[in-house]
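Trainee: As input, take input_7.csv (CSV, C-alpha atoms):
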chain,number,residue,atom,x,y,z
A,1,MET,CA,1.6,73.4,114.3
A,2,LEU,CA,-0.3,75.8,112.1
A,3,PHE,CA,1.1,77.4,109.0
A,4,ALA,CA,-0.6,80.4,107.3
A,5,MET,CA,-0.3,80.5,103.5
A,6,GLY,CA,-0.9,83.6,101.5
A,7,CYS,CA,-0.7,87.3,102.3
A,8,ALA,CA,-1.8,89.1,105.4
A,9,SER,CA,-3.6,91.7,103.3
A,10,LYS,CA,-6.5,90.6,101.1
A,11,ASP,CA,-5.9,93.6,98.8
A,12,ILE,CA,-2.2,92.9,97.9
A,13,LYS,CA,-2.6,94.9,94.7
A,14,GLN,CA,-2.9,98.1,96.7
A,15,ASN,CA,0.5,97.4,98.2
A,16,PRO,CA,3.1,99.9,96.7
A,17,GLU,CA,5.9,97.3,96.6
A,18,TYR,CA,3.6,94.8,94.8
A,19,ARG,CA,2.6,97.4,92.2
A,20,LYS,CA,6.3,98.4,91.7
A,21,LEU,CA,7.3,94.7,91.2
A,22,SER,CA,4.3,94.0,89.0
A,23,ALA,CA,5.2,97.0,86.7
A,24,LYS,CA,8.8,95.8,86.6
A,25,TYR,CA,7.6,92.3,85.6
A,26,GLN,CA,5.4,93.7,82.8
A,27,ARG,CA,8.3,95.8,81.4
A,28,MET,CA,10.5,92.6,81.5
A,29,ILE,CA,7.8,90.8,79.5
A,30,LEU,CA,7.6,93.6,76.9
A,31,ASP,CA,11.4,93.8,76.7
A,32,GLN,CA,11.7,90.1,76.1
A,33,ALA,CA,9.0,90.2,73.4
A,34,ALA,CA,10.9,93.1,71.7
A,35,SER,CA,14.2,91.1,72.0
A,36,ASP,CA,12.5,88.0,70.5
A,37,LYS,CA,11.2,90.0,67.6
A,38,LYS,CA,14.6,91.5,66.9
A,39,ILE,CA,16.3,88.1,66.9
A,40,ALA,CA,13.6,86.7,64.7
A,41,ASN,CA,14.0,89.6,62.3
A,42,ALA,CA,17.8,89.2,62.2
A,43,HIS,CA,17.3,85.4,61.6
A,44,VAL,CA,15.0,86.1,58.6
A,45,ALA,CA,17.2,88.8,57.2
A,46,LEU,CA,20.4,86.8,57.5
A,47,THR,CA,18.8,83.6,56.1
A,48,GLU,CA,17.7,85.6,53.1
A,49,ARG,CA,21.1,87.2,52.7
A,50,PHE,CA,22.9,83.9,52.9
A,51,ARG,CA,20.2,81.9,51.1
A,52,GLN,CA,22.5,80.1,48.7
A,53,ASP,CA,24.9,79.1,51.6
A,54,VAL,CA,22.0,78.0,53.7
A,55,GLU,CA,20.6,75.9,50.9
A,56,SER,CA,24.0,74.3,50.3
A,57,GLY,CA,24.5,73.6,54.1
A,58,ALA,CA,27.6,75.8,54.4
A,59,ILE,CA,25.7,78.0,56.9
A,60,THR,CA,23.0,76.9,59.3
A,61,MET,CA,21.1,79.2,61.6
A,62,ARG,CA,18.7,78.7,64.5
A,63,ILE,CA,17.4,80.6,67.5
A,64,VAL,CA,18.2,79.0,70.9
A,65,ASN,CA,17.3,80.6,74.2
A,66,GLY,CA,17.0,84.1,72.8
A,67,ALA,CA,20.3,83.9,70.8
A,68,LEU,CA,20.8,83.6,67.1
A,69,ILE,CA,23.2,80.7,66.6
A,70,ILE,CA,25.1,80.6,63.3
A,71,TYR,CA,26.9,77.4,62.3
A,72,VAL,CA,29.5,77.6,59.6
A,73,GLN,CA,31.0,74.5,57.9
A,74,ASP,CA,34.7,74.5,58.5
A,75,THR,CA,35.6,73.7,54.9
A,76,PHE,CA,33.6,76.7,53.8
A,77,ALA,CA,35.2,79.0,56.4
A,78,PHE,CA,38.8,77.9,56.6
A,79,LYS,CA,41.7,76.6,54.5
A,80,SER,CA,42.3,72.9,55.2
A,81,ASN,CA,43.8,72.3,58.7
A,82,SER,CA,44.4,76.0,59.1
A,83,PRO,CA,42.9,79.0,60.9
A,84,ASP,CA,43.3,81.0,57.7
A,85,LEU,CA,40.0,82.3,56.5
A,86,ASN,CA,38.7,81.5,53.0
A,87,ASP,CA,38.0,84.6,50.9
A,88,ALA,CA,34.3,83.7,50.5
A,89,PHE,CA,33.9,83.5,54.3
A,90,GLU,CA,35.5,86.9,54.8
A,91,THR,CA,32.7,88.4,52.7
A,92,LYS,CA,30.1,86.6,55.0
A,93,LEU,CA,31.8,87.9,58.1
A,94,ARG,CA,31.5,91.5,56.8
A,95,VAL,CA,27.8,90.9,56.3
A,96,LEU,CA,27.5,89.6,59.9
A,97,ALA,CA,29.5,92.5,61.2
A,98,GLU,CA,27.0,94.9,59.6
A,99,ALA,CA,24.2,93.1,61.4
A,100,PHE,CA,26.1,93.2,64.7
A,101,ALA,CA,26.7,96.9,64.3
A,102,LYS,CA,23.0,97.5,64.9
A,103,THR,CA,23.4,96.4,68.5
A,104,PRO,CA,26.9,97.4,69.6
A,105,ASP,CA,26.2,96.6,73.2
A,106,LYS,CA,25.7,92.9,72.6
A,107,MET,CA,28.1,90.0,72.9
A,108,ILE,CA,29.3,88.0,70.0
A,109,ARG,CA,30.6,84.6,71.1
A,110,VAL,CA,32.7,82.6,68.5
A,111,GLU,CA,33.1,78.9,69.2
A,112,GLY,CA,35.6,76.5,67.6
A,113,HIS,CA,34.3,73.0,67.2
A,114,THR,CA,37.2,71.3,65.3
A,115,ALA,CA,38.5,67.8,64.8
A,116,THR,CA,42.1,67.5,63.8
A,117,GLY,CA,43.8,64.7,62.0
A,118,ASP,CA,42.4,65.1,58.5
A,119,ARG,CA,45.5,64.4,56.6
A,120,MET,CA,47.6,66.9,58.6
A,121,THR,CA,51.2,67.3,57.7
A,122,ARG,CA,53.9,66.9,60.4
A,123,ALA,CA,54.3,70.7,60.5
A,124,GLU,CA,50.6,71.2,60.9
A,125,LEU,CA,50.5,68.6,63.8
A,126,GLN,CA,53.4,70.4,65.5
A,127,LYS,CA,51.6,73.7,65.2
A,128,TYR,CA,48.1,72.3,66.2
A,129,PRO,CA,48.8,69.1,68.1
A,130,SER,CA,45.1,68.7,69.1
A,131,SER,CA,41.7,70.0,68.1
A,132,TRP,CA,41.9,72.5,71.1
A,133,GLU,CA,44.7,74.5,69.4
A,134,LEU,CA,43.2,74.4,65.9
A,135,GLY,CA,39.7,75.3,67.2
A,136,ALA,CA,41.0,78.1,69.3
A,137,ALA,CA,43.1,79.5,66.4
A,138,ARG,CA,40.1,79.4,64.1
A,139,ALA,CA,37.8,81.2,66.5
A,140,ILE,CA,40.5,83.8,67.2
A,141,SER,CA,40.9,84.3,63.4
A,142,VAL,CA,37.3,85.2,63.2
A,143,VAL,CA,37.4,87.5,66.2
A,144,ARG,CA,40.4,89.3,64.9
A,145,TYR,CA,38.8,89.7,61.5
A,146,PHE,CA,35.7,91.2,63.1
A,147,GLN,CA,37.9,93.5,65.2
A,148,ASN,CA,40.5,94.5,62.6
A,149,GLN,CA,38.6,94.5,59.3
A,150,CYS,CA,35.0,95.2,60.4
A,151,ASN,CA,35.6,97.5,63.4
A,152,VAL,CA,33.6,95.4,65.9
A,153,LYS,CA,34.5,96.5,69.4
A,154,PRO,CA,36.8,94.0,71.1
A,155,GLU,CA,34.7,94.2,74.3
A,156,GLN,CA,31.8,92.6,72.3
A,157,LEU,CA,33.9,89.5,71.3
A,158,VAL,CA,34.4,86.3,73.1
A,159,VAL,CA,36.3,83.2,72.0
A,160,VAL,CA,35.5,79.7,73.1
A,161,THR,CA,37.0,76.5,71.9
A,162,PHE,CA,35.6,73.0,72.3
A,163,GLY,CA,37.9,71.2,70.0
A,164,ALA,CA,36.5,67.8,69.2
A,165,PHE,CA,35.1,67.4,72.7
A,166,ARG,CA,31.7,69.1,72.2
A,167,PRO,CA,30.9,68.5,68.6
A,168,ILE,CA,27.9,70.0,66.8
A,169,ALA,CA,27.4,66.5,65.3
A,170,SER,CA,29.6,63.5,65.2
A,171,ASN,CA,33.2,64.3,64.2
A,172,ASN,CA,33.0,61.3,61.9
A,173,PHE,CA,31.0,63.6,59.5
A,174,GLU,CA,31.7,67.1,58.2
A,175,SER,CA,28.7,68.4,60.0
A,176,GLY,CA,30.5,68.0,63.3
A,177,LYS,CA,33.4,70.2,62.3
A,178,LYS,CA,31.9,73.6,62.5
A,179,LEU,CA,32.5,77.1,63.7
A,180,THR,CA,29.7,78.5,65.8
A,181,ILE,CA,28.9,82.2,66.2
A,182,ASN,CA,26.4,83.0,69.0
A,183,TYR,CA,24.8,86.4,68.8
A,184,SER,CA,22.4,87.5,71.6
A,185,ILE,CA,20.2,90.5,71.0
A,186,ASP,CA,18.5,91.8,74.1
Could I get this structure in the form of structure tokens?
Mentor:
Amino acid sequence: MLFAMGCASKDIKQNPEYRKLSAKYQRMILDQAASDKKIANAHVALTERFRQDVESGAITMRIVNGALIIYVQDTFAFKSNSPDLNDAFETKLRVLAEAFAKTPDKMIRVEGHTATGDRMTRAELQKYPSSWELGAARAISVVRYFQNQCNVKPEQLVVVTFGAFRPIASNNFESGKKLTINYSID
């Protein structure tokens, strides 16, 4: 049996379909480069804006697969064993919302990575019996703040909770108990 590899035409570049696909591919490369530059610029600007919090470890940022990932230490963001936002964190959320406003067509995914059990009262355990509930409540608090206080469009916002089951780091350490905000700029 004989298999022929390659194209029937030696001059494939003259094929209109090939030229159309090639031009589309080149536009995609340029669009990706522009997106990468936007995300890098946002990373630099937010790192500078949050310099003190970054240096203290309260906020960590990195770029992963074309998205700016912002990690926020739970003790910085929330009152103990609660979805209630700390005042200092609300100020940071307003700054983030200003950055997000520059690309209103992009998604903002807020993830809750929470471990419960840190000296929770009986009432707190009844309200948040597992890390699922507390992680979800915290992520929802952030999304509601973005929507109600910062006028971020609700169709941009996504809530995900991982509870203690997909920690950023070991839940035995504070670094594992974080809120994650994923922001993709295309």
Trainee: Separation of CA of Leu125 in chain A and CA of Val142 in chain A, in Å?
Mentor: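 Going from CA of Leu125 in chain A over to CA of Val142 in chain A covers 21.2 Å.
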Trainee: So, counting only C-alpha atoms, which residue among A:Thr103, A:Asn65, A:Thr114, A:Ser22 is closest to Ser80 in chain A?
Mentor: A:Thr114
Trainee: Please measure the separation of CA of Ala97 in chain A and CA of Lys153 in chain A, giving the value in Å to one decimal.
Mentor: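 Interatomic distance here is 10.4 Å.
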Trainee: What is the distance between CA of Pro16 in chain A and CA of Ser35 in chain A, in Å to one decimal?
Mentor: 28.5 Å
Trainee: Rank A:Gln147, A:Asn41, A:Ser141, A:Thr60 by their smallest atom-to-atom distance to Gly112 in chain A, using all atoms listed in the file, and report the top residue only.
Mentor: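 The shortest atom-to-atom distance to Gly112 in chain A comes from A:Ser141.
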Trainee: Quick one: residues within 6 Å of range 157-164 of chain A, all atoms listed in the file counted, chain neighbours fewer than 3 positions away excluded, as a ChimeraX atom specification?
Mentor: /A:108-115,131-132,135-136,154,167
Trainee: For the residues in that selection, give me C-alpha atoms as a short mmCIF file (atom, residue, chain, number, x, y, z; two decimals), keeping the file's coordinate frame.
Mentor:
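Produced file part24.cif, reproduced below:
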data_model
loop_
_atom_site.label_atom_id
_atom_site.label_comp_id
_atom_site.auth_asym_id
_atom_site.auth_seq_id
_atom_site.Cartn_x
_atom_site.Cartn_y
_atom_site.Cartn_z
CA ILE A 108 29.30 88.00 70.00
CA ARG A 109 30.60 84.60 71.10
CA VAL A 110 32.70 82.60 68.50
CA GLU A 111 33.10 78.90 69.20
CA GLY A 112 35.60 76.50 67.60
CA HIS A 113 34.30 73.00 67.20
CA THR A 114 37.20 71.30 65.30
CA ALA A 115 38.50 67.80 64.80
CA SER A 131 41.70 70.00 68.10
CA TRP A 132 41.90 72.50 71.10
CA GLY A 135 39.70 75.30 67.20
CA ALA A 136 41.00 78.10 69.30
CA PRO A 154 36.80 94.00 71.10
CA PRO A 167 30.90 68.50 68.60
#
Trainee: Using all atoms listed in the file, which residues sit within 10 Å of Ala88 in chain A once same-chain residues fewer than 3 positions away are excluded, as a VMD selection string?
Mentor: chain A and resid 76 to 78 85 91 to 93
Trainee: Kindly indicate which residue among A:Asn81, A:Gln73, A:Gly66, A:Glu55 lies nearest to Arg122 in chain A, using only C-alpha atoms for the distances.
Mentor: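 For Arg122 in chain A, the nearest of the candidates is A:Asn81.
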Trainee: Restricting the calculation to all atoms listed in the file, which member of A:Ile29, A:Ile59, A:Cys150, A:Leu134 is positioned closest to Val72 in chain A?
Mentor: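 Of A:Ile29, A:Ile59, A:Cys150, A:Leu134, the one nearest Val72 in chain A is A:Ile59, counting all atoms listed in the file.
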Trainee: Kindly indicate which residue among A:Gln26, A:Ser82, A:Gln14, A:Ser56 lies nearest to Ala123 in chain A, using all atoms listed in the file for the distances.
Mentor: A:Ser82
Trainee: Nearest to Glu98 in chain A among A:Asp74, A:Arg49, A:Lys79, A:Ala139, with distances taken over all atoms listed in the file: which residue is it?
Mentor: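 Checking each candidate against Glu98 in chain A, we get A:Arg49 as the closest.
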